[in-house]
Structures are given as C-alpha cells and as structure tokens.
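Encoded as structure tokens, the structure appears first; notes follow it.
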Amino acid sequence: MFFNNTLADIIVIVENDWYARIDQQTLYKYQFEDEGFEVFDKTAGYYISYQTVKPVGIEKVDRLVERLLSKGIELRFTPNLCPLRESIVSSDFKEFGIHRFNNAKRL
C-alpha cells in the first residue's frame with residue numbers, strides 16, 4: 001500500500017526542506033573495536049558503551065544523496081511527513097522507523 005511499485009528494499013522519505021542540507025552535509029563515521037559495547041537496539045543496529053572509548057578510525061562521509069542511491073535505497077521527498085506518518089502508524093504495517101520526527105513540519 002505505502003511502498004508498492006518499487007524494487008528497493010529500503011525507502012527513505014524526507015521532507016523537501018531537508019534536501020539541500022542532506023546534499024551539502026559531511027558526516028564523520030567513527031570506527032571502534034567491538035570490546036566494551038553492548039546491543040542497545042538490535043533492530044536499529046545501535047550499540048552503547050558506558051565507558052569512554054577511543055576510535056580506531058575516522059572516515060569522512062560526503063555526497064550523501066549519491067551514496068544512498070548507489071546502495072539501491074529509494075529516496076523520496078515530500079512537502080510534509082505528517083500525513084504519511086499518521087497513515088503508517090494507524091495501519092498494520094510493522095517494519096518501519098520514524099527517526100527525528102520532532103524535526104518535521106506540523107500541519
């Protein structure tokens with residue numbers, strides 16, 4: 001229903017106003033040894049440590065839109081996420097994540 005007619009396994013939907021920020025942003029990926037971390041959220045892939053841990057590597061990550069598309073991720077833009085969120089939350093659809101929704105525009 002929400003995500004028909006695509007071959008992508010992952011779909012990311014973002015409000016239009018975030019396009020320029022995503023396109024121009026540079027992130028830094030910190031790499032750590034596994035030791036000292038525990039699973040915080042298995043589904044999301046989050047791990048935490050209760051102690052200070054030094055990174056073993058830092059990787060610059062830019063060209064974010066290009067990187068997402070090159071991984072086969074379908075990237076969609078919409079004027080407002082609220083209608084989609086309400087439809088998904090009230091459906092029986094279970095495999096989704098709504099991250100940083102507090103930054104979405106309110107209707």
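Residue names in the structure tokens use chain letters A, B, ... in the order shown, residue numbers from 1 in each chain, and ligand numbers from 1 in the order shown.
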For Tyr30 in chain A, work out the shell of residues within 6 Å, counting only C-alpha atoms and skipping chain neighbours fewer than 3 positions away, then give it as a ChimeraX atom specification. /A:55,57-58
Restricted to N, CA and C atoms, what would the selected residues look like written as a PDB file, in the first residue's frame?
ATOM      1  N   PRO A  55      38.211   6.090  19.253  1.00  0.00           N
ATOM      2  CA  PRO A  55      38.013   5.489  17.931  1.00  0.00           C
ATOM      3  C   PRO A  55      39.321   4.935  17.367  1.00  0.00           C
ATOM      4  N   GLY A  57      39.449   4.570  14.040  1.00  0.00           N
ATOM      5  CA  GLY A  57      39.469   5.169  12.715  1.00  0.00           C
ATOM      6  C   GLY A  57      38.343   6.168  12.555  1.00  0.00           C
ATOM      7  N   ILE A  58      38.553   7.128  11.668  1.00  0.00           N
ATOM      8  CA  ILE A  58      37.533   8.123  11.350  1.00  0.00           C
ATOM      9  C   ILE A  58      37.476   8.234   9.833  1.00  0.00           C
TER      10      ILE A  58
END
Write out as a PyMOL selection string the residues lying within 12 Å of range 18-29 of chain A, counting only C-alpha atoms and excluding same-chain residues fewer than 2 positions away. chain A and resi 13-16+31-32+55-68+75-81+103-105
Write out as a ChimeraX atom specification all residues of chain A that DSSP puts in alpha helix (DSSP H) for this structure's backbone. /A:19-24,64-70,82-89
Near Glu35 in chain A, counting only C-alpha atoms, which residues have an atom at most 10 Å away, once you skip same-chain residues fewer than 3 positions from it, shown as a PyMOL selection string? chain A and resi 32+38+49+53
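Nearest residue to Phe3 in chain A, choosing from A:Ile88, A:Ile98, A:Leu69, A:Cys82 and counting only C-alpha atoms: A:Ile88.
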Report the distance between CA of Phe37 in chain A and CA of Gly97 in chain A in Å, rounded to one decimal place. 23.1 Å
